[in-house]
Structures are given as structure tokens and as C-alpha cells.
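J.: Here it is, the structure, as C-alpha cells.
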Amino acid sequence: MDLNDLYRDVIVDHNRNPRNFRPMPDASRQADGHNPLCGDQLTVFVKLDGERIQDVSFQGNGCAISVASASLLTESVKGKTVTEAEEIFRTMHALLTREDCGIDPVSLGKLGALSGVRAFPARVKCASLCWHTLDAALHQQTDAACTE
Amino acid sequence: MSTSATFRETPSHAASPSIDVESIRRDFPVLSRQIRGKPLTYLDNAASSQRPRAVIDAISNYYSTSHANVHRGVHTLSQEATDLFEAARERVRRFLNARSTREIIFVRGTTEAINLVAQSFGRPRLGPGDEIVVSWLEHHANIVPWQMLCEQTGAVLRVIPITREGEVDFAAYERLLSPRTRLLALSHVSNALGTIVPVHRFIEAAKARGIPVLLDGAQAVPHIEVDLQALGCDFYAFSGHKMCGPTGIGVLYGREEVLRDMPPWQGGGDMILAVSFGKTVYNELPFKFEAGTPHIAGAIGLAAAIDYLEGIGMDRIAAAEHDLLDYATERLRAIPGLSIVGTAPEKAAVASFTIEGIHPHDLGTILDHEGVAIRTGHHCAMPVMEFFGLPATARASFAFYNTREEVDRLIDALQVAREMLG
């Protein structure tokens, strides 16, 4: 377990300069996520044009892993359909939690940078929080998403 | 106590404590561990301390030679186990200068002790509109049991504010006290910030109004001398595992006059004198509050931990830890962007801090790779974090077995984190 495998350049960059880090007053869907263990808290906003995710952004505070993961999320699902975004959510969930997921991180582009998190069990929830929150927003759940 | 009295001539603010830290470190097997090829630097003592060989041996010897159930059998082992268990109770009494072993109740820990008081002392006495006073410093174990009691009785929780330095606001406390105040439940030492609360003043003000007082001593007992008769509180709660003792054992001290009037909390074996379906007669103190087979090995281990701590001397422990805190505070302050949270003039050896641009959780992971164990998060004291507007802090907490060299390793590891993420 090398620390540089967790804090890869892509992660460090997205933590320092998170993309789409802004509120969205005209969001069609939004959900709050909370990781009670470390206090990470974020809101994911989604603007839908029919089935297509026209815009996506987030706000909140958290560790480098959770901020970078949310930032990478917004880049990866913008312009995708809801069905495609849900497929990415399932892929990321498997990548973060299953040793035997068989997913080649390289095939995921920048999102593959999060594959190093799996070796740090205490940090998996940091990376997965925004994905659960996106899932909740897409399904219009009113309760806050929670990693517990 | 006589050992400790001879050391009292050394002022507690002595710059160079006279404990032989290298020899002490050899008493703790875990301190020689390597973490990822680096020496373990254990600075998470406020969460749980480590165990000296003497405590591990006491538990192991008990199970190897003398274990049986207590207060029951006529056979030799049962008598030996009972003697060891009751000797442990007397050891605790002497350590804290309580009047009687009838006032020493073994429980699982601080949390269970406070819940016992809430349910057995609070519930029958409180009604709608009655008030329980706590401070903003409390950790969850001294908040949630009272909230539950409020839900059950209609009583109201009143919270004493703290200052930016992390001190409990005494003037605000006096204003909060009212004819409806039924209990003051206060931390002796804050786990999140290290503040040593000047509890004598708070108790005095409560007593002048006839208000009972519970002190949460989980963070105090391991680090400062506690004299229960001098304090004059009605209840005092603490845990074994923060003072080099086992997990799962703790103590509720209660003044005998108060305990006598309280109904049992849990029912079962050991807490009764006679049981029939017509009428059950409860046992005398302290057994009335100890239903079921107790954590016998835990109590024996706790007594061994007290022997160990007093062998060093509580005042020398306090002085050594104070020296470490001063050194750590000075070195931490020199790191750009670092803010220390909790700057009360009287503090136990806890340094809570944040570094601009680096989340405490990332600090925790990076420090772990340097072998440095600290706590990051809300420290089970979310209201304290809320007060300072922080989601979390990093917390280094020191014990007498820590060294200045370990403080240096903490500082070096923080520099690694700044280079990586800052």
C-alpha cells in the first residue's frame, strides 16, 4: 500500500481545484450525502433535460478523497443519460468495494484514479459517498444518502 | 497514596519530569511495534491508552489460576475470585479517596455509569419542566443519556456555553442555574480539546443551591489526581481503558446516601438477597447495582493499572504529560496554516488542530503511513465541533510513555502531509 497510490496526481488536482463546485438554484433534482464517521457532507445537484443529465454540480466539505471523487463524478456523468449514469455508479461501486470486480481502471479514464482507494478500507466510504448521493438524487429520494 | 505524597514536593509545572521514560516504555509491549516499517508513535491516548505488561499479566494470571464466579460458591476458586474482585474495589476506593467500597460500582465504562445515573437517579425524580445542566464541552456519553431521560420525563436540557478558548463559561453557568435545576452533569476534562474544567467552583455553586452533581471523569482519572472527598460531587464516572486498564470495565462512584435511595437499574443475579414470586429483596450496596456476573478479570486488571500508575505517581505523570503538551504546542504552532483548537490555560495533554487546506481525515491516513496514530473526526463530541464551525479536527493526545522524539515524528509527518496535499 503506497500512499501515492491513494493520493494520485488526478486526485490531488481535483481536491485542490474541484470542478463543478457550485450551487445550482434551478436544479431539477438534488440530494444530500453525509458520512457520520468523518463528518463529510455534500449536496449533489442535477439538471435533467428529459432523460439526459444536462448539468451536474456539487457543494459541501470533506476530505481530499471525497472532494476529488465528487469532482470526477460531475465530469463523468455530465451529458450522459440517467441509465448511463446509473451504470457508471454500479461500476464505481464495484471498483471501490470488490477486489474481484475485474474492471480495468485504465478503461475508466480519470475515474480509474479512484481504484487505489480500495486498498484503504477506512477511506472507501469517502470515495463512494458522492456516488450514493447521485444515485439518491436520480431516484429523487428525499432522505439524505448515508454511507452507514 | 504515600508514594505520591513524597513526589508532591516537585512542582507540577516542572520543566524536566523525573520519570524514566525509556524504562517505562519497556513495560508496554505494543510500543516496540513497527507500523509499515516505521516505529509506532501512539498519540491516540484520549481514545484509549495502551497496556503495561503488569496489567496483561494480572488478567492472564487470574484466568490461569483463580477464575470462578464471584459471590456464589463455597469452593476455593470462587473464594479466590471473590477476594481478588473485592480487593480491586478497595483498590479503586483508595485511589480516588472515596469513603467506602459501598460507593464503588463496577460497570462497563463511563457510558454505562452515566446511563445508570440517568435511569436510576434521574427518572424517578424528574418531571416536566425540570432542568438538567450540561456544558457545550461534553462528549456524546454525557449528552445522549440525558436527552433520553428528557424524552422520558419531560425534563429539559440546558447547555452551558463555552468560550473560544474552550473554557466552560462560569458566569453563564451561574445564570443558567434555576429553581428547576435538578442535576449538573459536567466533564472534568474535555476529550476533544483537553480543557481541565475548574470543577470545584462549579460544584460549589451547585451545592449552594442543593443541586446534585455528576462529573464525567473519563479523561481526568488517567492524567490528574482525583480526590472524591475533596471534590464533594455526588457521582463520578470513568473507564478503565483510558488509564492503562482493560476495556469493558469502568466505575461509577456515588455518594452512599444518594445511592441508598436509588432503585436498582438492572435486575438479575447478584443484585438480590432473596427472590420469590411474591417478593424480591434487593442486595445491599454496591451489589444492588451489579446485576449478573461482573467483568471480574476487568476489575482485577483495573486494579493492576492503578498499582502501575501510582507506582509512577500521578503528579509525576501529570508533570511529564504537561511537559510534552508544552513542547508539542510550541512545535505545532510553528507549522504554517496550523490552528490549535482549544487553548484553555489549564489543559490535559491533548492537542486538537486543523491545517488549512488539508482535511483531518487525510492527515490521519498520511500520518498512519509514517507510523503516527492520531484521532481524526468529531471525537464523539459533535456539539464541540459545531461550536467551532468545524466538521472535524485532528487530535494528538499524549500519555506519560510518549517522548519528545515522538512529538518530532508527529511534526515531520505533518510536513509530509503538507508537501503531499497542501
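Starting from 1 in every chain, residues are counted up; chains themselves are A, B, ... following the order of the C-alpha cells, and ligands are numbered from 1 as listed.
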Could I get the residues of chain B with an atom no further than 6 Å from an atom of chain A, each paired with its nearest atom pair and that distance in Å to one decimal, using only C-alpha atoms, sorted by chain and residue number, as JSON lines?

T.:
```
{"residue": "B:His359", "atom": "CA", "partner": "A:Cys63", "partner_atom": "CA", "distance": 4.8}
{"residue": "B:His361", "atom": "CA", "partner": "A:Cys63", "partner_atom": "CA", "distance": 6.0}
{"residue": "B:Gly377", "atom": "CA", "partner": "A:Cys38", "partner_atom": "CA", "distance": 5.0}
{"residue": "B:Pro391", "atom": "CA", "partner": "A:Gly39", "partner_atom": "CA", "distance": 5.4}
```

J.: Neighbours of Gly217 of chain B within 7 Å (only C-alpha atoms; same-chain residues fewer than 2 positions away dropped), as a VMD selection string?

T.: chain B and resid 187 to 189 215 219 to 221 236 to 238

J.: From the list B:Thr195, B:Gln34, B:Ser239, B:Thr153, which residue is nearest Ile105 of chain B when using only C-alpha atoms?

T.: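 Using only C-alpha atoms, Ile105 of chain B sits closest to B:Ser239.
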
J.: Tell me, as a PyMOL selection string, which residues lie within 12 Å of Phe89 of chain A, counting only C-alpha atoms; anything in the same chain fewer than 6 positions away does not count.

T.: chain A and resi 69-70+73-74+76-77+82-83+95-96+108+111+127-136+138

J.: Keeping N, CA and C atoms for every residue in the selection just given, could you write it to a file as a PDB file, in the first residue's frame?

T.:
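Produced file again_24.pdb, reproduced below:
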```pdb
ATOM      1  N   SER A  69     -13.448  12.693  -5.608  1.00  0.00           N
ATOM      2  CA  SER A  69     -14.387  11.729  -6.172  1.00  0.00           C
ATOM      3  C   SER A  69     -15.627  12.443  -6.703  1.00  0.00           C
ATOM      4  N   ALA A  70     -16.138  13.417  -5.934  1.00  0.00           N
ATOM      5  CA  ALA A  70     -17.325  14.171  -6.369  1.00  0.00           C
ATOM      6  C   ALA A  70     -17.013  15.001  -7.610  1.00  0.00           C
ATOM      7  N   LEU A  73     -16.840  12.752 -10.476  1.00  0.00           N
ATOM      8  CA  LEU A  73     -18.204  12.310 -10.788  1.00  0.00           C
ATOM      9  C   LEU A  73     -18.893  13.303 -11.721  1.00  0.00           C
ATOM     10  N   THR A  74     -18.798  14.596 -11.373  1.00  0.00           N
ATOM     11  CA  THR A  74     -19.519  15.581 -12.182  1.00  0.00           C
ATOM     12  C   THR A  74     -19.005  15.573 -13.615  1.00  0.00           C
ATOM     13  N   SER A  76     -17.760  13.065 -15.174  1.00  0.00           N
ATOM     14  CA  SER A  76     -18.026  11.816 -15.884  1.00  0.00           C
ATOM     15  C   SER A  76     -19.499  11.621 -16.264  1.00  0.00           C
ATOM     16  N   VAL A  77     -20.411  12.228 -15.513  1.00  0.00           N
ATOM     17  CA  VAL A  77     -21.821  11.944 -15.830  1.00  0.00           C
ATOM     18  C   VAL A  77     -22.506  13.088 -16.591  1.00  0.00           C
ATOM     19  N   VAL A  82     -29.681   9.146 -17.768  1.00  0.00           N
ATOM     20  CA  VAL A  82     -29.832   8.629 -16.401  1.00  0.00           C
ATOM     21  C   VAL A  82     -29.404   7.163 -16.348  1.00  0.00           C
ATOM     22  N   THR A  83     -29.785   6.400 -17.356  1.00  0.00           N
ATOM     23  CA  THR A  83     -29.430   4.976 -17.395  1.00  0.00           C
ATOM     24  C   THR A  83     -27.910   4.800 -17.459  1.00  0.00           C
ATOM     25  N   LEU A  95     -15.811  -1.148  -8.365  1.00  0.00           N
ATOM     26  CA  LEU A  95     -14.380  -0.822  -8.375  1.00  0.00           C
ATOM     27  C   LEU A  95     -13.870  -0.503  -6.969  1.00  0.00           C
ATOM     28  N   LEU A  96     -14.702   0.200  -6.202  1.00  0.00           N
ATOM     29  CA  LEU A  96     -14.271   0.654  -4.873  1.00  0.00           C
ATOM     30  C   LEU A  96     -14.368  -0.441  -3.821  1.00  0.00           C
ATOM     31  N   LEU A 108     -11.525   3.214 -17.485  1.00  0.00           N
ATOM     32  CA  LEU A 108     -12.428   4.209 -16.898  1.00  0.00           C
ATOM     33  C   LEU A 108     -11.916   5.644 -17.038  1.00  0.00           C
ATOM     34  N   LEU A 111     -11.553   8.406 -13.903  1.00  0.00           N
ATOM     35  CA  LEU A 111     -12.209   7.736 -12.766  1.00  0.00           C
ATOM     36  C   LEU A 111     -11.374   6.577 -12.235  1.00  0.00           C
ATOM     37  N   ALA A 127     -14.828   7.882  -0.789  1.00  0.00           N
ATOM     38  CA  ALA A 127     -14.918   7.914  -2.252  1.00  0.00           C
ATOM     39  C   ALA A 127     -16.319   7.590  -2.737  1.00  0.00           C
ATOM     40  N   SER A 128     -17.055   6.764  -1.993  1.00  0.00           N
ATOM     41  CA  SER A 128     -18.351   6.301  -2.506  1.00  0.00           C
ATOM     42  C   SER A 128     -19.507   7.220  -2.135  1.00  0.00           C
ATOM     43  N   LEU A 129     -19.275   8.136  -1.176  1.00  0.00           N
ATOM     44  CA  LEU A 129     -20.383   8.985  -0.681  1.00  0.00           C
ATOM     45  C   LEU A 129     -21.086   9.730  -1.819  1.00  0.00           C
ATOM     46  N   CYS A 130     -20.329  10.398  -2.683  1.00  0.00           N
ATOM     47  CA  CYS A 130     -20.953  11.211  -3.740  1.00  0.00           C
ATOM     48  C   CYS A 130     -21.725  10.345  -4.722  1.00  0.00           C
ATOM     49  N   TRP A 131     -21.245   9.130  -4.951  1.00  0.00           N
ATOM     50  CA  TRP A 131     -21.924   8.239  -5.897  1.00  0.00           C
ATOM     51  C   TRP A 131     -23.270   7.800  -5.342  1.00  0.00           C
ATOM     52  N   HIS A 132     -23.305   7.477  -4.045  1.00  0.00           N
ATOM     53  CA  HIS A 132     -24.588   7.146  -3.416  1.00  0.00           C
ATOM     54  C   HIS A 132     -25.530   8.345  -3.453  1.00  0.00           C
ATOM     55  N   THR A 133     -24.931   9.534  -3.279  1.00  0.00           N
ATOM     56  CA  THR A 133     -25.754  10.749  -3.256  1.00  0.00           C
ATOM     57  C   THR A 133     -26.333  11.026  -4.643  1.00  0.00           C
ATOM     58  N   LEU A 134     -25.515  10.827  -5.676  1.00  0.00           N
ATOM     59  CA  LEU A 134     -26.012  10.977  -7.050  1.00  0.00           C
ATOM     60  C   LEU A 134     -27.158   9.997  -7.300  1.00  0.00           C
ATOM     61  N   ASP A 135     -26.955   8.761  -6.874  1.00  0.00           N
ATOM     62  CA  ASP A 135     -27.972   7.727  -7.059  1.00  0.00           C
ATOM     63  C   ASP A 135     -29.282   8.155  -6.388  1.00  0.00           C
ATOM     64  N   ALA A 136     -29.145   8.714  -5.160  1.00  0.00           N
ATOM     65  CA  ALA A 136     -30.333   9.173  -4.437  1.00  0.00           C
ATOM     66  C   ALA A 136     -31.010  10.323  -5.185  1.00  0.00           C
ATOM     67  N   LEU A 138     -30.920  10.929  -8.429  1.00  0.00           N
ATOM     68  CA  LEU A 138     -31.554  10.424  -9.645  1.00  0.00           C
ATOM     69  C   LEU A 138     -32.853   9.684  -9.327  1.00  0.00           C
TER      70      LEU A 138
END
```

J.: Select, from A:Gln140, A:Asn35, A:Ser28, A:Asn20, the residue with the minimum atom-to-atom distance to Gln59 of chain A, counting only C-alpha atoms.

T.: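 Closest residue, counting only C-alpha atoms: A:Asn20.
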
J.: Could you tell me, as a PyMOL selection string, which residues of segment 26-139 of chain A DSSP assigns to strand (DSSP E or B) when given the backbone?

T.: chain A and resi 29-35+40-49+52-61+81

J.: Taking the chain letters and numbering used in this document, name the residues of chain A that DSSP puts in helix (DSSP H, G or I), as a VMD selection string.

T.: chain A and resid 3 to 6 9 to 16 64 to 77 82 to 97 105 to 119 121 to 138

J.: With C-alpha atoms retained, write the just-selected residues as a compact mmCIF listing (two decimals), in the first residue's frame.

T.:
```
# COMPACT_ATOMS: atom_id res chain seq x y z
CA LEU A 3 0.30 6.45 -0.24
CA ASN A 4 0.94 7.73 -3.75
CA ASP A 5 -1.48 5.08 -4.97
CA LEU A 6 -4.20 6.76 -2.90
CA ASP A 9 -1.96 13.35 -9.15
CA VAL A 10 -5.51 13.37 -10.55
CA ILE A 11 -6.95 13.14 -7.02
CA VAL A 12 -4.68 15.85 -5.65
CA ASP A 13 -5.54 18.11 -8.59
CA HIS A 14 -9.31 17.62 -8.24
CA ASN A 15 -9.08 18.23 -4.49
CA ARG A 16 -7.18 21.48 -4.99
CA ALA A 64 -9.40 15.03 -0.45
CA ILE A 65 -10.78 11.65 -1.49
CA SER A 66 -14.43 12.66 -1.14
CA VAL A 67 -13.96 16.05 -2.86
CA ALA A 68 -11.93 14.58 -5.72
CA SER A 69 -14.39 11.73 -6.17
CA ALA A 70 -17.33 14.17 -6.37
CA SER A 71 -15.43 16.41 -8.77
CA LEU A 72 -14.59 13.45 -11.03
CA LEU A 73 -18.20 12.31 -10.79
CA THR A 74 -19.52 15.58 -12.18
CA GLU A 75 -17.13 15.40 -15.13
CA SER A 76 -18.03 11.82 -15.88
CA VAL A 77 -21.82 11.94 -15.83
CA VAL A 82 -29.83 8.63 -16.40
CA THR A 83 -29.43 4.98 -17.39
CA GLU A 84 -25.79 5.53 -18.39
CA ALA A 85 -25.09 7.40 -15.12
CA GLU A 86 -26.57 4.53 -13.11
CA GLU A 87 -24.31 2.13 -14.99
CA ILE A 88 -21.28 4.28 -14.04
CA PHE A 89 -22.48 4.27 -10.40
CA ARG A 90 -22.61 0.47 -10.41
CA THR A 91 -19.17 0.23 -12.00
CA MET A 92 -17.66 2.65 -9.46
CA HIS A 93 -19.30 0.82 -6.58
CA ALA A 94 -17.77 -2.44 -7.75
CA LEU A 95 -14.38 -0.82 -8.38
CA LEU A 96 -14.27 0.65 -4.87
CA THR A 97 -15.54 -2.32 -2.92
CA PRO A 105 -9.10 1.01 -14.15
CA VAL A 106 -7.47 2.23 -17.36
CA SER A 107 -10.77 1.67 -19.21
CA LEU A 108 -12.43 4.21 -16.90
CA GLY A 109 -10.22 7.14 -17.82
CA LYS A 110 -9.73 9.63 -14.97
CA LEU A 111 -12.21 7.74 -12.77
CA GLY A 112 -9.69 4.91 -12.70
CA ALA A 113 -7.58 7.05 -10.37
CA LEU A 114 -10.01 6.11 -7.60
CA SER A 115 -9.09 2.42 -7.85
CA GLY A 116 -6.26 2.97 -5.34
CA VAL A 117 -8.83 3.68 -2.60
CA ARG A 118 -9.82 0.02 -2.37
CA ALA A 119 -6.57 -0.79 -0.56
CA PRO A 121 -10.75 0.22 3.71
CA ALA A 122 -11.19 3.18 6.08
CA ARG A 123 -11.38 5.51 3.07
CA VAL A 124 -13.74 3.62 0.73
CA LYS A 125 -16.75 5.43 2.17
CA CYS A 126 -15.11 8.79 1.44
CA ALA A 127 -14.92 7.91 -2.25
CA SER A 128 -18.35 6.30 -2.51
CA LEU A 129 -20.38 8.98 -0.68
CA CYS A 130 -20.95 11.21 -3.74
CA TRP A 131 -21.92 8.24 -5.90
CA HIS A 132 -24.59 7.15 -3.42
CA THR A 133 -25.75 10.75 -3.26
CA LEU A 134 -26.01 10.98 -7.05
CA ASP A 135 -27.97 7.73 -7.06
CA ALA A 136 -30.33 9.17 -4.44
CA ALA A 137 -30.78 12.37 -6.47
CA LEU A 138 -31.55 10.42 -9.65
```

J.: Taking 2 positions as the minimum chain separation for residues in the same chain, which residues sit within 12 Å of Lys242 of chain B when counting only C-alpha atoms? Answer as a PyMOL selection string.

T.: chain B and resi 44-51+109-110+191+217-223+238-240+244-250+302+305-306+309+397-399

J.: Which residue, A:Arg98, A:Phe21, A:Gly33, A:Asp26, has the smallest gap to Leu48 of chain A when you use only C-alpha atoms?

T.: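 Once distances to Leu48 of chain A are computed over only C-alpha atoms, the minimum belongs to A:Asp26.
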
J.: Using Å and a single decimal, report how far atom CA of His241 of chain B sits from atom CA of Ser66 of chain B.

T.: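 For atom CA of Ser66 of chain B relative to atom CA of His241 of chain B, the distance reads 22.7 Å.
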
J.: State, in Å with one decimal place, the distance from atom CA of Ala381 of chain B to atom CA of His140 of chain B.

T.: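 Atom-to-atom, atom CA of Ala381 of chain B to atom CA of His140 of chain B, that is 5.7 Å.
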
J.: In Å, how far is it from atom CA of Glu138 of chain B to atom CA of Val156 of chain B?

T.: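 Separation between atom CA of Glu138 of chain B and atom CA of Val156 of chain B: 16.3 Å.
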
J.: For Arg375 of chain B, which residue among B:Ala291, B:Leu43, B:Leu414, B:Val70 is the nearest when counting only C-alpha atoms?

T.: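 Using only C-alpha atoms, Arg375 of chain B sits closest to B:Leu43.
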
J.: Pick out the closest residue to Ser60 of chain B from this set: B:Gly73, B:Gly298, B:Gly37, B:Gly342. Count only C-alpha atoms.

T.: B:Gly298
